[in-house]
Amino acid sequence: MPTRQFTREQLAALGAPLDSARDVEYSDGLLADEHVTVLKYPQQRRVISAAPDDGRPYAVTYEAPIDTGDFEVNGQGPDDYGWHGPTVEAVEAVEVEERAVTVARWMPVDDPR
C-alpha cells in the first residue's frame, strides 16, 4: 500500500479538511469527503485529494465534530482534526483509486404470497 507524507500546510492549501463534507463539490483540490466511523465525541472522516505534484489521489483520515448541538458534547470537539499536537510535522496519506464495489443487502421481498 503506497503511502506519502503531507504537511499540514500542504493539506490546508488543498482545502483539507473541509468545514462541512457538503462543501467538497465547491472545492478544486478535493475529490471526496467520506464518513468512516463515529467515536464517542468526534467522527472519523476521510478526505481524498489529488497531489499537486504527481496528480495521484491520496486519502487522509481526520476527526471532525459530531453535529449534536450541545447534547453531551458540551462544545468539546477534536483539536487539530485528529492530527495530534503542533509537533506533528507530517500527516500520513494512503494512495487510493476509485473502484466499483458490489454490496450485499437484505431487501424486502416484492413477491406477494
# chains A, B, ... in the order shown; residues from 1 in each chain; ligands from 1
>>> residues_around(residues="stretch 5-9 of chain A", least_positions_apart="6", cutoff="8 Å", atoms="only C-alpha atoms", output="ChimeraX atom specification")
/A:89-93
>>> atom_distance(atom1="atom CA of A:Glu95", atom2="atom CA of A:Pro2")
5.6 Å
>>> closest_residue(among="A:Leu30, A:Ala12, A:Val38, A:Ile66", to="A:Ala50", atoms="only C-alpha atoms")
A:Leu30
>>> closest_residue(among="A:Thr3, A:Thr61, A:Thr102, A:Asp28", to="A:Val47", atoms="only C-alpha atoms")
A:Thr61
>>> residues_around(residues="A:Val96", least_positions_apart="5", cutoff="9 Å", atoms="only C-alpha atoms", output="list of chain:residue names")
A:Met1, A:Pro2, A:Ile48, A:Arg56, A:Pro57, A:Tyr58, A:Ala59
>>> write_last_selection(atoms="N, CA, C and O atoms", output="PDB file, in the first residue's frame")
ATOM      1  N   MET A   1       0.852  -1.164   0.000  1.00  0.00           N
ATOM      2  CA  MET A   1       0.000   0.000   0.000  1.00  0.00           C
ATOM      3  C   MET A   1       0.908   1.241   0.000  1.00  0.00           C
ATOM      4  O   MET A   1       1.572   1.521   0.990  1.00  0.00           O
ATOM      5  N   PRO A   2       0.948   1.956  -1.104  1.00  0.00           N
ATOM      6  CA  PRO A   2       1.793   3.148  -1.184  1.00  0.00           C
ATOM      7  C   PRO A   2       1.282   4.262  -0.264  1.00  0.00           C
ATOM      8  O   PRO A   2       0.094   4.545  -0.220  1.00  0.00           O
ATOM      9  N   ILE A  48     -10.208  12.799   0.318  1.00  0.00           N
ATOM     10  CA  ILE A  48      -9.409  12.317  -0.809  1.00  0.00           C
ATOM     11  C   ILE A  48      -9.090  13.502  -1.700  1.00  0.00           C
ATOM     12  O   ILE A  48      -9.981  14.267  -2.081  1.00  0.00           O
ATOM     13  N   ARG A  56      -1.721  12.020  -8.400  1.00  0.00           N
ATOM     14  CA  ARG A  56      -2.322  10.782  -7.902  1.00  0.00           C
ATOM     15  C   ARG A  56      -3.199  11.083  -6.687  1.00  0.00           C
ATOM     16  O   ARG A  56      -2.866  11.948  -5.880  1.00  0.00           O
ATOM     17  N   PRO A  57      -4.325  10.360  -6.540  1.00  0.00           N
ATOM     18  CA  PRO A  57      -5.213  10.612  -5.398  1.00  0.00           C
ATOM     19  C   PRO A  57      -4.709   9.935  -4.117  1.00  0.00           C
ATOM     20  O   PRO A  57      -4.241   8.800  -4.145  1.00  0.00           O
ATOM     21  N   TYR A  58      -4.806  10.671  -3.019  1.00  0.00           N
ATOM     22  CA  TYR A  58      -4.403  10.181  -1.706  1.00  0.00           C
ATOM     23  C   TYR A  58      -5.530  10.432  -0.717  1.00  0.00           C
ATOM     24  O   TYR A  58      -6.258  11.419  -0.823  1.00  0.00           O
ATOM     25  N   ALA A  59      -5.659   9.542   0.288  1.00  0.00           N
ATOM     26  CA  ALA A  59      -6.675   9.665   1.325  1.00  0.00           C
ATOM     27  C   ALA A  59      -6.008   9.927   2.668  1.00  0.00           C
ATOM     28  O   ALA A  59      -5.008   9.297   3.009  1.00  0.00           O
TER      29      ALA A  59
END
>>> atom_distance(atom1="atom CA of A:Arg45", atom2="atom CA of A:Asp33")
6.9 Å
